[in-house]
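Asks: Just so it is clear, I am handing over target_6.cif, which has mmCIF, C-alpha atoms and all ligand atoms.
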data_query
#
loop_
_atom_site.label_atom_id
_atom_site.label_comp_id
_atom_site.auth_asym_id
_atom_site.auth_seq_id
_atom_site.Cartn_x
_atom_site.Cartn_y
_atom_site.Cartn_z
CA MET E 79 -79.50 76.41 110.93
CA ILE E 80 -79.72 73.70 113.59
CA SER E 81 -81.54 74.64 116.80
CA GLN E 82 -82.01 73.02 120.21
CA ASP E 83 -84.77 75.47 121.08
CA ILE E 84 -88.24 74.05 120.44
CA ASN E 85 -89.87 77.44 121.12
CA GLN E 86 -88.02 78.88 118.15
CA LEU E 87 -89.61 76.21 115.94
CA VAL E 88 -93.07 76.84 117.38
CA LYS E 89 -92.72 80.54 116.53
CA ALA E 90 -91.47 79.84 113.02
CA LEU E 91 -94.35 77.42 112.33
CA GLU E 92 -96.95 79.83 113.73
CA ASN E 93 -95.42 82.42 111.44
CA GLY E 94 -96.05 80.24 108.36
CA ASP E 95 -92.44 79.13 107.93
CA VAL E 96 -91.12 75.70 106.95
CA VAL E 97 -88.85 73.94 109.51
CA GLY E 98 -86.84 70.73 109.81
CA MET E 99 -88.47 68.26 112.23
CA PRO E 100 -86.83 65.10 113.59
CA THR E 101 -88.87 61.89 113.67
CA GLU E 102 -87.93 58.29 114.40
CA THR E 103 -87.97 57.45 110.65
CA VAL E 104 -86.33 60.33 108.78
CA TYR E 105 -86.27 64.10 109.27
CA GLY E 106 -89.30 65.91 107.83
CA LEU E 107 -89.75 69.30 106.19
CA ALA E 108 -92.67 70.54 108.27
CA ALA E 109 -95.31 73.26 107.92
CA ASN E 110 -98.82 74.13 109.15
CA ALA E 111 -101.17 71.66 107.44
CA PHE E 112 -103.90 74.35 107.25
CA ASP E 113 -101.72 77.09 105.71
CA GLU E 114 -101.77 76.96 101.91
CA SER E 115 -98.86 79.33 101.44
CA ALA E 116 -96.68 77.40 103.91
CA ILE E 117 -97.54 74.19 102.06
CA ALA E 118 -96.62 75.82 98.75
CA LYS E 119 -93.19 76.63 100.21
CA ILE E 120 -92.60 72.92 100.94
CA PHE E 121 -93.31 71.90 97.34
CA GLN E 122 -91.12 74.72 96.10
CA LEU E 123 -88.17 74.02 98.44
CA LYS E 124 -88.15 70.30 97.66
CA GLY E 125 -88.79 70.73 93.96
CA ARG E 126 -91.63 68.30 94.48
CA PRO E 127 -94.35 67.79 91.87
CA LYS E 128 -97.80 68.93 93.04
CA SER E 129 -99.11 65.48 92.15
CA ASN E 130 -97.21 63.93 95.10
CA PRO E 131 -99.29 64.32 98.30
CA LEU E 132 -98.04 65.02 101.84
CA ILE E 133 -98.35 63.11 105.11
CA ILE E 134 -100.06 64.96 108.00
CA HIS E 135 -98.33 64.46 111.36
CA ILE E 136 -100.32 64.54 114.59
CA GLY E 137 -99.29 64.66 118.24
CA GLY E 138 -102.43 62.96 119.61
CA LEU E 139 -105.56 61.18 118.39
CA GLU E 140 -107.74 64.22 119.17
CA GLN E 141 -105.83 66.08 116.40
CA MET E 142 -106.89 63.44 113.88
CA GLU E 143 -110.65 63.34 114.42
CA PRO E 144 -111.41 66.56 112.50
CA LEU E 145 -109.24 65.44 109.57
CA ILE E 146 -111.11 62.26 108.60
CA THR E 147 -114.67 61.07 107.99
CA GLU E 148 -114.19 57.38 108.69
CA PHE E 149 -111.76 55.13 110.60
CA PRO E 150 -112.05 51.52 109.32
CA ASN E 151 -111.77 49.05 112.16
CA GLN E 152 -108.72 47.20 110.83
CA LEU E 153 -106.77 50.44 110.44
CA LYS E 154 -107.84 51.55 113.89
CA LYS E 155 -106.37 48.35 115.29
CA LEU E 156 -103.08 49.18 113.59
CA ALA E 157 -103.11 52.71 114.98
CA ASP E 158 -103.85 51.38 118.47
CA THR E 159 -100.89 49.02 118.19
CA PHE E 160 -98.26 51.09 116.41
CA TRP E 161 -98.92 54.78 117.15
CA PRO E 162 -96.86 56.65 117.96
CA GLY E 163 -94.65 54.90 115.42
CA PRO E 164 -93.51 54.40 111.82
CA LEU E 165 -97.00 53.69 110.44
CA THR E 166 -98.84 56.02 108.04
CA LEU E 167 -102.55 55.40 107.48
CA LEU E 168 -104.57 56.41 104.41
CA LEU E 169 -108.02 57.54 105.60
CA PRO E 170 -110.98 59.32 103.96
CA LYS E 171 -110.31 63.03 104.32
CA SER E 172 -112.70 65.60 105.73
CA VAL E 173 -113.27 69.02 104.15
CA LEU E 174 -110.71 70.48 106.56
CA VAL E 175 -107.91 68.83 104.60
CA SER E 176 -107.14 70.70 101.40
CA ASP E 177 -106.67 69.11 97.99
CA THR E 178 -103.14 70.55 97.97
CA VAL E 179 -102.21 68.22 100.83
CA THR E 180 -103.71 65.11 99.21
CA SER E 181 -103.06 66.12 95.58
CA GLY E 182 -106.78 65.80 94.99
CA HIS E 183 -107.04 62.26 96.38
CA PRO E 184 -110.02 61.34 98.58
CA ASN E 185 -107.72 59.89 101.26
CA VAL E 186 -105.34 61.74 103.55
CA ALA E 187 -102.11 60.16 104.84
CA ILE E 188 -101.72 60.53 108.63
CA ARG E 189 -99.10 59.45 111.13
CA MET E 190 -98.14 60.01 114.75
CA PRO E 191 -94.33 59.97 114.94
CA ASN E 192 -92.56 58.26 117.82
CA HIS E 193 -89.99 60.92 118.61
CA LYS E 194 -89.92 62.94 121.80
CA GLY E 195 -89.03 66.24 120.11
CA ALA E 196 -91.58 65.79 117.32
CA LEU E 197 -94.40 64.88 119.73
CA GLU E 198 -93.56 67.79 122.00
CA LEU E 199 -93.56 70.18 119.06
CA LEU E 200 -96.86 68.83 117.67
CA GLN E 201 -98.50 69.08 121.08
CA MET E 202 -97.41 72.69 121.49
CA LEU E 203 -99.14 73.71 118.25
CA LYS E 204 -102.81 74.42 117.50
CA PHE E 205 -102.53 72.77 114.07
CA PRO E 206 -101.10 69.50 112.69
CA LEU E 207 -98.02 69.49 110.43
CA VAL E 208 -97.53 68.29 106.88
CA ALA E 209 -94.05 66.84 106.53
CA PRO E 210 -92.46 65.09 103.59
CA SER E 211 -88.91 63.80 104.07
CA ALA E 212 -86.53 66.76 104.32
CA ASN E 213 -84.54 66.11 101.17
CA ILE E 214 -84.56 67.68 97.72
CA SER E 215 -86.93 65.50 95.63
CA ASN E 216 -85.35 62.19 94.65
CA ARG E 217 -82.22 62.67 96.78
CA ILE E 218 -81.07 60.61 99.82
CA SER E 219 -83.42 60.95 102.80
CA PRO E 220 -82.03 62.77 105.86
CA THR E 221 -81.47 60.86 109.09
CA LYS E 222 -79.48 63.56 110.91
CA ALA E 223 -80.08 67.28 111.43
CA LYS E 224 -76.90 68.06 109.51
CA HIS E 225 -78.28 66.25 106.43
CA VAL E 226 -81.26 68.62 106.48
CA GLU E 227 -78.94 71.57 106.87
CA LYS E 228 -76.96 70.42 103.85
CA TYR E 229 -80.11 70.46 101.67
CA PHE E 230 -81.84 73.50 103.22
CA PRO E 231 -79.35 75.79 105.01
CA GLU E 232 -81.95 78.57 105.11
CA ILE E 233 -84.46 76.85 107.45
CA ILE E 234 -84.38 76.06 111.19
CA THR E 235 -84.04 72.36 111.99
CA LEU E 236 -84.71 70.99 115.46
CA GLU E 237 -81.79 68.86 116.66
CA GLY E 238 -83.32 65.48 117.43
CA GLY E 239 -80.32 63.16 117.16
CA PRO E 240 -79.86 60.44 114.54
CA CYS E 241 -83.16 58.83 113.47
CA GLN E 242 -83.61 55.58 115.33
CA ALA E 243 -85.47 53.69 112.58
CA GLY E 244 -83.72 55.46 109.71
CA LEU E 245 -86.24 54.34 107.06
CA GLU E 246 -89.53 56.01 106.11
CA SER E 247 -92.84 54.89 107.62
CA THR E 248 -94.81 51.99 106.17
CA ILE E 249 -97.97 53.25 104.42
CA VAL E 250 -101.16 51.24 104.93
CA GLY E 251 -104.73 51.75 103.72
CA MET E 252 -107.80 49.86 102.51
CA PHE E 253 -108.05 48.43 99.01
CA GLU E 254 -111.36 46.89 97.90
CA GLY E 255 -112.25 46.09 101.50
CA SER E 256 -108.86 44.62 102.49
CA VAL E 257 -105.90 46.05 104.34
CA ALA E 258 -103.15 46.91 101.85
CA VAL E 259 -99.59 48.20 102.09
CA PHE E 260 -98.67 50.99 99.66
CA ARG E 261 -95.06 51.56 100.77
CA TRP E 262 -92.86 49.21 102.78
CA GLY E 263 -90.90 51.05 105.45
CA ALA E 264 -89.73 50.82 109.03
CA LEU E 265 -92.63 48.56 110.01
CA GLY E 266 -92.27 45.08 108.50
CA ARG E 267 -94.94 42.75 107.08
CA GLU E 268 -94.76 40.34 110.05
CA GLU E 269 -95.53 43.07 112.57
CA ILE E 270 -98.55 44.29 110.60
CA GLU E 271 -99.91 40.82 109.85
CA ALA E 272 -99.65 39.86 113.53
CA VAL E 273 -102.39 42.46 114.15
CA VAL E 274 -104.69 42.32 111.09
CA GLY E 275 -103.80 39.07 109.32
CA LYS E 276 -102.70 38.81 105.68
CA VAL E 277 -102.33 42.14 103.88
CA LEU E 278 -102.29 42.98 100.17
CA ASP E 279 -99.03 44.25 98.69
CA LYS E 280 -99.87 47.30 96.58
CA THR E 281 -96.34 48.69 96.52
CA SER E 282 -95.48 47.96 92.90
CA ASN E 283 -95.45 50.77 90.34
CA THR E 284 -98.66 49.53 88.76
CA THR E 285 -100.52 51.12 91.69
CA LYS E 286 -98.93 54.54 91.14
CA THR E 287 -102.33 56.19 91.11
CA VAL E 288 -102.91 55.09 94.71
CA ALA E 289 -99.43 55.85 96.11
CA PRO E 290 -98.32 58.56 93.71
CA GLY E 291 -94.99 59.23 95.38
CA MET E 292 -93.71 55.77 94.74
CA GLY E 293 -92.21 56.80 91.42
CA LYS E 294 -89.27 54.74 90.26
CA LYS E 295 -86.35 57.09 90.84
CA HIS E 296 -85.91 58.19 94.45
CA TYR E 297 -83.52 58.32 97.40
CA SER E 298 -80.54 58.79 95.06
CA PRO E 299 -76.98 59.87 95.75
CA LEU E 300 -75.35 62.22 93.22
CA CYS E 301 -73.12 59.41 91.94
CA PRO E 302 -74.42 56.18 90.38
CA LEU E 303 -75.43 53.41 92.76
CA ILE E 304 -75.44 49.69 91.99
CA VAL E 305 -77.23 47.16 94.19
CA THR E 306 -76.26 43.54 93.66
CA GLN E 307 -76.05 40.06 95.10
CA GLU E 308 -72.87 39.52 93.06
CA MET E 309 -70.49 41.88 94.87
CA TRP E 310 -67.32 40.12 93.74
CA TYR E 311 -68.37 40.22 90.10
CA VAL E 312 -69.45 43.87 90.08
CA LEU E 313 -66.39 45.02 92.02
CA SER E 314 -63.99 43.02 89.88
CA ILE E 315 -65.24 44.45 86.57
CA SER E 316 -65.61 48.02 87.86
CA THR E 317 -63.23 50.49 86.24
CA GLN E 318 -64.08 53.52 88.41
CA LYS E 319 -61.19 54.97 90.40
CA LYS E 320 -63.09 55.53 93.64
CA ILE E 321 -65.66 52.97 94.74
CA GLY E 322 -67.65 53.15 97.96
CA ALA E 323 -68.80 49.70 99.06
CA ILE E 324 -71.74 49.04 101.38
CA TRP E 325 -71.76 45.56 102.92
CA PHE E 326 -74.52 43.96 104.95
CA GLN E 327 -72.50 42.19 107.66
CA GLU E 328 -68.82 42.15 106.76
CA ILE E 329 -66.27 43.20 104.18
CA LYS E 330 -65.96 40.17 101.94
CA TRP E 331 -63.47 41.40 99.36
CA GLU E 332 -60.88 44.14 99.06
CA PHE E 333 -60.11 45.80 95.73
CA SER E 334 -57.55 48.55 95.28
CA ASN E 335 -60.16 50.98 93.89
CA ILE E 336 -62.47 50.70 96.91
CA VAL E 337 -61.75 53.88 98.88
CA ALA E 338 -64.39 53.47 101.60
CA HIS E 339 -66.35 50.61 103.12
CA GLU E 340 -69.58 50.74 105.15
CA ILE E 341 -71.01 47.82 107.13
CA LEU E 342 -74.75 48.01 107.86
CA SER E 343 -74.97 45.49 110.72
CA ALA E 344 -72.16 43.21 111.83
CA SER E 345 -74.67 41.00 113.64
CA GLY E 346 -76.97 40.75 110.61
CA ASN E 347 -79.79 42.69 112.29
CA LEU E 348 -82.06 44.18 109.60
CA GLN E 349 -83.39 46.88 111.91
CA GLU E 350 -79.85 48.08 112.54
CA ALA E 351 -79.15 47.90 108.80
CA GLY E 352 -82.24 50.08 108.21
CA SER E 353 -81.07 52.68 110.67
CA ASN E 354 -77.67 52.87 108.94
CA ILE E 355 -78.45 52.70 105.23
CA TYR E 356 -79.12 56.40 104.48
CA GLN E 357 -76.26 57.51 106.75
CA ALA E 358 -73.89 55.21 104.89
CA MET E 359 -75.06 56.64 101.55
CA HIS E 360 -74.61 60.22 102.82
CA ARG E 361 -71.08 59.45 104.06
CA LEU E 362 -69.99 57.87 100.78
CA GLU E 363 -71.49 60.73 98.78
CA GLU E 364 -69.60 63.19 100.98
CA ALA E 365 -66.39 61.17 100.48
CA GLY E 366 -66.76 61.95 96.77
CA VAL E 367 -66.79 58.39 95.43
CA ASP E 368 -67.50 57.77 91.71
CA VAL E 369 -69.91 54.92 92.35
CA ILE E 370 -71.58 53.24 95.34
CA VAL E 371 -71.87 49.45 95.19
CA VAL E 372 -74.28 47.92 97.73
CA GLU E 373 -74.75 44.31 98.69
CA ARG E 374 -78.45 43.40 98.31
CA LEU E 375 -80.05 42.42 101.64
CA PRO E 376 -82.05 39.25 102.34
CA GLU E 377 -85.65 39.64 101.06
CA THR E 378 -87.30 39.26 104.47
CA SER E 379 -89.00 41.78 106.79
CA LEU E 380 -87.07 45.08 106.73
CA GLY E 381 -84.72 43.68 104.09
CA ILE E 382 -87.65 44.16 101.67
CA SER E 383 -87.99 47.84 102.65
CA ILE E 384 -84.24 48.49 102.39
CA ASN E 385 -83.91 46.73 99.02
CA ASP E 386 -86.86 48.77 97.75
CA ARG E 387 -85.04 52.02 98.64
CA LEU E 388 -81.80 50.75 97.09
CA ASP E 389 -83.51 49.71 93.85
CA ARG E 390 -85.04 53.18 93.54
CA ALA E 391 -81.71 54.86 94.41
CA ALA E 392 -80.13 52.84 91.58
CA VAL E 393 -82.48 54.22 88.92
CA ARG E 394 -80.67 56.90 86.87
O1 LIG E 401 -91.52 58.35 107.64
C1 LIG E 401 -92.14 59.12 106.92
O2 LIG E 401 -93.23 58.82 106.42
C2 LIG E 401 -91.50 60.49 106.64
C3 LIG E 401 -91.45 61.28 107.96
C4 LIG E 401 -90.97 62.69 107.79
O3 LIG E 401 -92.71 61.22 108.58
N1 LIG E 401 -92.23 61.20 105.63
C5 LIG E 401 -92.19 60.82 104.33
O4 LIG E 401 -92.86 61.69 103.48
O5 LIG E 401 -91.60 59.84 103.92
P1 LIG E 401 -92.65 61.69 101.89
O6 LIG E 401 -93.44 62.84 101.43
O7 LIG E 401 -91.20 61.67 101.59
O8 LIG E 401 -93.34 60.37 101.42
C6 LIG E 401 -94.74 60.25 101.57
C7 LIG E 401 -95.32 59.20 100.68
C8 LIG E 401 -95.25 59.58 99.22
O9 LIG E 401 -94.93 58.42 98.48
C9 LIG E 401 -96.68 60.02 98.94
O10 LIG E 401 -97.07 59.83 97.61
C10 LIG E 401 -97.48 59.13 99.86
O11 LIG E 401 -96.69 59.07 101.03
N2 LIG E 401 -98.76 59.76 100.20
C11 LIG E 401 -98.96 60.88 100.91
N3 LIG E 401 -100.25 61.21 100.96
C12 LIG E 401 -100.92 60.26 100.29
C13 LIG E 401 -102.30 60.06 99.96
N4 LIG E 401 -103.23 60.90 100.37
N5 LIG E 401 -102.61 58.97 99.23
C14 LIG E 401 -101.64 58.13 98.81
N6 LIG E 401 -100.31 58.27 99.06
C15 LIG E 401 -99.95 59.33 99.79
MG MG E 402 -89.43 61.16 100.66
#
What does the file become when written as structure tokens?
Replies:
Amino acid sequence: MISQDINQLVKALENGDVVGMPTETVYGLAANAFDESAIAKIFQLKGRPKSNPLIIHIGGLEQMEPLITEFPNQLKKLADTFWPGPLTLLLPKSVLVSDTVTSGHPNVAIRMPNHKGALELLQMLKFPLVAPSANISNRISPTKAKHVEKYFPEIITLEGGPCQAGLESTIVGMFEGSVAVFRWGALGREEIEAVVGKVLDKTSNTTKTVAPGMGKKHYSPLCPLIVTQEMWYVLSISTQKKIGAIWFQEIKWEFSNIVAHEILSASGNLQEAGSNIYQAMHRLEEAGVDVIVVERLPETSLGISINDRLDRAAVR
């Protein structure tokens, strides 16, 4: 059910229920971060392995202090610059944060979302919220309330409009004394490095133990998805009856078996492309295409984050 009434969500959360929460990145499946049975419901609803930890969302810095034991200076600088915003920080957890939230890791992931509805909700509560993306595990992330409703018709989702960033937060922590990125997302490398200088890239699968949720398959539509720089070649050899094509800036070729086209950003703006990518995938899935073929984006700034999601969506 989609609701405009924030008080209804406050009541549900106080009652130990799971709700859909809008953020500027993607919608989250939110619950009281201090309520073990509410947290268990999240894992169960998503079909998420217990080994994949959850991000805690806060509405103000005062909500964070009790959750951590240390705030490294470099990470503090990032928080000062980008919070509220699409930045998640990995920080040493205090005893208040349960091992269920962090999957037994010594660090807890924390972020302050930059969304009016989310901040209002968080500030009305006496506890912070854990919130993974509000999709069934490995499926396309939700960027509209109706996407959440499609996955979880039984919960209340706060209507917060389409997500403005449309890509998950960038996850940053310390690695052997240096600032490191564990997931590229809505905040690009340039923006982070402008504040703390060069950062390590720990986003590859070899660092799975540090960012356990970055498993290969993720973000997937029900049909196969192909991401390629060679659109003409892939489209010309494709034998499927119904192809959905996602282009970066413009439709370059027409083939009789393409039944739907999506353009991510006519002006070539990667931020706009980021805000449209999941929506485009949802629309093509709903159109019932046999395969989605996506033009790979330039490997710069948010193009890196979008290509990462597409590569994972392509894993069968
Ligand atoms: O933008 C976002 O971050 C969205 C919105 C709802 O805030 N949330 C989100 O959550 O993307 P989720 O659960 O879909 O992805 C969280 C990622 C996973 O890859 C998880 O493994 C990683 O963050 N993570 C969470 N806690 C961690 C921890 N303590 N240490 C390392 N990685 C952690
Ligand atoms: Mg997710």
Asks: Have a look at E:Thr378, E:Thr317, E:Ser247, E:Ser81 and name the one nearest to ligand LIG 401 (chain E); count only C-alpha atoms and all ligand atoms.
Replies: E:Ser247
Asks: Looking at E:Ala258, E:Leu380, E:Leu200, E:Leu169, which one is nearest to E:Pro184, with distances taken over only C-alpha atoms?
Replies: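 Going through E:Ala258, E:Leu380, E:Leu200, E:Leu169 one by one, the smallest distance to E:Pro184 is for E:Leu169.
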Asks: Could you list the protein, DNA and RNA residues that have any atom within 8 Å of ligand MG 402 (chain E), counting all atoms listed in the file, and write them as JSON, numbers by chain?
Replies: {"E": [210, 211, 212, 213, 215, 216, 219, 246, 291, 296, 297]}
Asks: Name the closest residue to E:Glu340 among the candidates E:Met202, E:Val277, E:Ile321, E:Leu156; distances are taken between atoms, counting all atoms listed in the file.
Replies: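 When distances to E:Glu340 are compared using all atoms listed in the file, the smallest one comes from E:Ile321.
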Asks: Quick one: distance from atom O11 of ligand LIG 401 (chain E) to atom CA of E:Ala116 in Å, one decimal?
Replies: 18.6 Å
Asks: When you count all atoms listed in the file, which of these residues is closest to E:Leu153: E:Tyr105, E:Phe253, E:Phe230, E:Phe121?
Replies: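 So, comparing all the options, the nearest one is E:Phe253.
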Asks: Between E:Val274, E:Asp95, E:Glu198, E:Ile315, which has the minimum distance to E:Asp113 (counting all atoms listed in the file)?
Replies: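 Between E:Val274, E:Asp95, E:Glu198, E:Ile315, the residue approaching E:Asp113 most closely is E:Asp95.
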Asks: Can you measure atom CA of E:His339 to atom CA of E:Ala323 for me? One decimal in Å is fine.
Replies: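 A separation of 4.8 Å between them.
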Asks: Would you kindly return, as a PyMOL selection string, each protein, DNA or RNA residue with an atom no farther than 10 Å from any atom of E:Glu114, considering all atoms listed in the file and excluding same-chain residues fewer than 6 positions away?
Replies: chain E and resi 94+176+178-179
Asks: Using Å and a single decimal, report how far atom CA of E:Gly244 sits from atom CA of E:Glu350.
Replies: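 That distance, rounded to one decimal, is 8.8 Å.
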Asks: Select, from E:Met252, E:Val367, E:Leu375, E:Ala109, the residue with the minimum atom-to-atom distance to E:Ile233, counting only C-alpha atoms.
Replies: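 Among E:Met252, E:Val367, E:Leu375, E:Ala109, it is E:Ala109 that comes nearest to E:Ile233.
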Asks: Using all atoms listed in the file and a cutoff of 10 Å, can you tell me which residues are near (-102.0, 75.8, 113.7) in the file's coordinates, and write them out as a PyMOL selection string?
Replies: chain E and resi 88+91-94+109-113+200+202-207
Asks: Axis-aligned box over every listed atom of ligand LIG 401 (chain E), padded by 4 Å per side: centre and edges in Å to one decimal, as lines of an AutoDock Vina configuration file?
Replies:
center_x = -97.1
center_y = 60.5
center_z = 103.1
size_x = 20.3
size_y = 12.7
size_z = 19.0
Asks: Taking (-85.8, 54.3, 116.8) in the file's own coordinates, collect the residues within 8 Å, counting all atoms listed in the file, and hand them back as a list in words.
Replies: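 Taken together, the residues in range are Glu102, Thr103, Asn192, Cys241, Gln242, Ala243, Gly244 and Ser353 of chain E.
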Asks: For the selection you just gave me, I'd like the residues written to a file as a compact mmCIF listing (two decimals), in the frame of the given file, keeping C-alpha atoms.
Replies:
# COMPACT_ATOMS: atom_id res chain seq x y z
CA GLU E 102 -87.93 58.29 114.40
CA THR E 103 -87.97 57.45 110.65
CA ASN E 192 -92.56 58.26 117.82
CA CYS E 241 -83.16 58.83 113.47
CA GLN E 242 -83.61 55.58 115.33
CA ALA E 243 -85.47 53.69 112.58
CA GLY E 244 -83.72 55.46 109.71
CA SER E 353 -81.07 52.68 110.67
Asks: Using all atoms listed in the file, which protein or nucleic acid residues come within 10 Å of E:Val173? Drop anything in the same chain fewer than 6 positions from it, and give the result as a list in words.
Replies: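 Contacts, in chain order: Pro144, Leu145, Ile146 and Thr147 of chain E.
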Asks: Write out as a count of residues only the residues lying within 9 Å of E:Ala391, counting all atoms listed in the file and excluding same-chain residues fewer than 3 positions away.
Replies: 17
Asks: Kindly add all heavy atoms to the incomplete stretch 335-342 of chain E and provide the output as a PDB file, in the frame of the given file.
Replies:
ATOM      1  N   ASN E 335     -59.398  49.744  94.169  1.00  0.00           N
ATOM      2  CA  ASN E 335     -60.160  50.980  93.890  1.00  0.00           C
ATOM      3  C   ASN E 335     -61.329  51.220  94.851  1.00  0.00           C
ATOM      4  O   ASN E 335     -62.084  52.161  94.679  1.00  0.00           O
ATOM      5  CB  ASN E 335     -60.629  51.007  92.419  1.00  0.00           C
ATOM      6  CG  ASN E 335     -61.294  49.716  91.984  1.00  0.00           C
ATOM      7  OD1 ASN E 335     -61.280  48.724  92.711  1.00  0.00           O
ATOM      8  ND2 ASN E 335     -61.873  49.727  90.801  1.00  0.00           N
ATOM      9  N   ILE E 336     -61.479  50.388  95.868  1.00  0.00           N
ATOM     10  CA  ILE E 336     -62.470  50.700  96.910  1.00  0.00           C
ATOM     11  C   ILE E 336     -61.826  51.662  97.905  1.00  0.00           C
ATOM     12  O   ILE E 336     -60.853  51.310  98.565  1.00  0.00           O
ATOM     13  CB  ILE E 336     -62.948  49.433  97.649  1.00  0.00           C
ATOM     14  CG1 ILE E 336     -63.582  48.437  96.663  1.00  0.00           C
ATOM     15  CG2 ILE E 336     -63.969  49.799  98.739  1.00  0.00           C
ATOM     16  CD1 ILE E 336     -64.096  47.161  97.323  1.00  0.00           C
ATOM     17  N   VAL E 337     -62.370  52.886  97.994  1.00  0.00           N
ATOM     18  CA  VAL E 337     -61.750  53.880  98.880  1.00  0.00           C
ATOM     19  C   VAL E 337     -62.470  53.970 100.228  1.00  0.00           C
ATOM     20  O   VAL E 337     -61.951  54.549 101.175  1.00  0.00           O
ATOM     21  CB  VAL E 337     -61.691  55.275  98.223  1.00  0.00           C
ATOM     22  CG1 VAL E 337     -60.789  55.234  96.999  1.00  0.00           C
ATOM     23  CG2 VAL E 337     -63.089  55.775  97.858  1.00  0.00           C
ATOM     24  N   ALA E 338     -63.674  53.426 100.314  1.00  0.00           N
ATOM     25  CA  ALA E 338     -64.390  53.470 101.600  1.00  0.00           C
ATOM     26  C   ALA E 338     -65.363  52.300 101.694  1.00  0.00           C
ATOM     27  O   ALA E 338     -66.025  51.957 100.705  1.00  0.00           O
ATOM     28  CB  ALA E 338     -65.148  54.785 101.726  1.00  0.00           C
ATOM     29  N   HIS E 339     -65.412  51.701 102.865  1.00  0.00           N
ATOM     30  CA  HIS E 339     -66.350  50.610 103.120  1.00  0.00           C
ATOM     31  C   HIS E 339     -67.349  51.048 104.187  1.00  0.00           C
ATOM     32  O   HIS E 339     -67.007  51.784 105.107  1.00  0.00           O
ATOM     33  CB  HIS E 339     -65.615  49.390 103.703  1.00  0.00           C
ATOM     34  CG  HIS E 339     -64.711  48.695 102.748  1.00  0.00           C
ATOM     35  ND1 HIS E 339     -65.138  47.785 101.818  1.00  0.00           N
ATOM     36  CD2 HIS E 339     -63.363  48.752 102.602  1.00  0.00           C
ATOM     37  CE1 HIS E 339     -64.111  47.303 101.137  1.00  0.00           C
ATOM     38  NE2 HIS E 339     -63.012  47.884 101.584  1.00  0.00           N
ATOM     39  N   GLU E 340     -68.582  50.558 104.090  1.00  0.00           N
ATOM     40  CA  GLU E 340     -69.580  50.740 105.150  1.00  0.00           C
ATOM     41  C   GLU E 340     -70.148  49.370 105.452  1.00  0.00           C
ATOM     42  O   GLU E 340     -70.405  48.586 104.533  1.00  0.00           O
ATOM     43  CB  GLU E 340     -70.715  51.654 104.679  1.00  0.00           C
ATOM     44  CG  GLU E 340     -70.313  53.084 104.364  1.00  0.00           C
ATOM     45  CD  GLU E 340     -70.170  53.947 105.620  1.00  0.00           C
ATOM     46  OE1 GLU E 340     -70.696  53.546 106.685  1.00  0.00           O
ATOM     47  OE2 GLU E 340     -69.548  55.018 105.519  1.00  0.00           O
ATOM     48  N   ILE E 341     -70.358  49.082 106.738  1.00  0.00           N
ATOM     49  CA  ILE E 341     -71.010  47.820 107.130  1.00  0.00           C
ATOM     50  C   ILE E 341     -72.333  48.193 107.794  1.00  0.00           C
ATOM     51  O   ILE E 341     -72.368  49.037 108.695  1.00  0.00           O
ATOM     52  CB  ILE E 341     -70.105  47.024 108.076  1.00  0.00           C
ATOM     53  CG1 ILE E 341     -68.869  46.552 107.315  1.00  0.00           C
ATOM     54  CG2 ILE E 341     -70.857  45.829 108.680  1.00  0.00           C
ATOM     55  CD1 ILE E 341     -67.795  45.949 108.184  1.00  0.00           C
ATOM     56  N   LEU E 342     -73.436  47.591 107.354  1.00  0.00           N
ATOM     57  CA  LEU E 342     -74.750  48.010 107.860  1.00  0.00           C
ATOM     58  C   LEU E 342     -75.073  47.392 109.214  1.00  0.00           C
ATOM     59  O   LEU E 342     -75.651  48.044 110.080  1.00  0.00           O
ATOM     60  CB  LEU E 342     -75.839  47.677 106.841  1.00  0.00           C
ATOM     61  CG  LEU E 342     -75.717  48.440 105.511  1.00  0.00           C
ATOM     62  CD1 LEU E 342     -76.825  48.022 104.553  1.00  0.00           C
ATOM     63  CD2 LEU E 342     -75.737  49.955 105.730  1.00  0.00           C
TER      64      LEU E 342
END
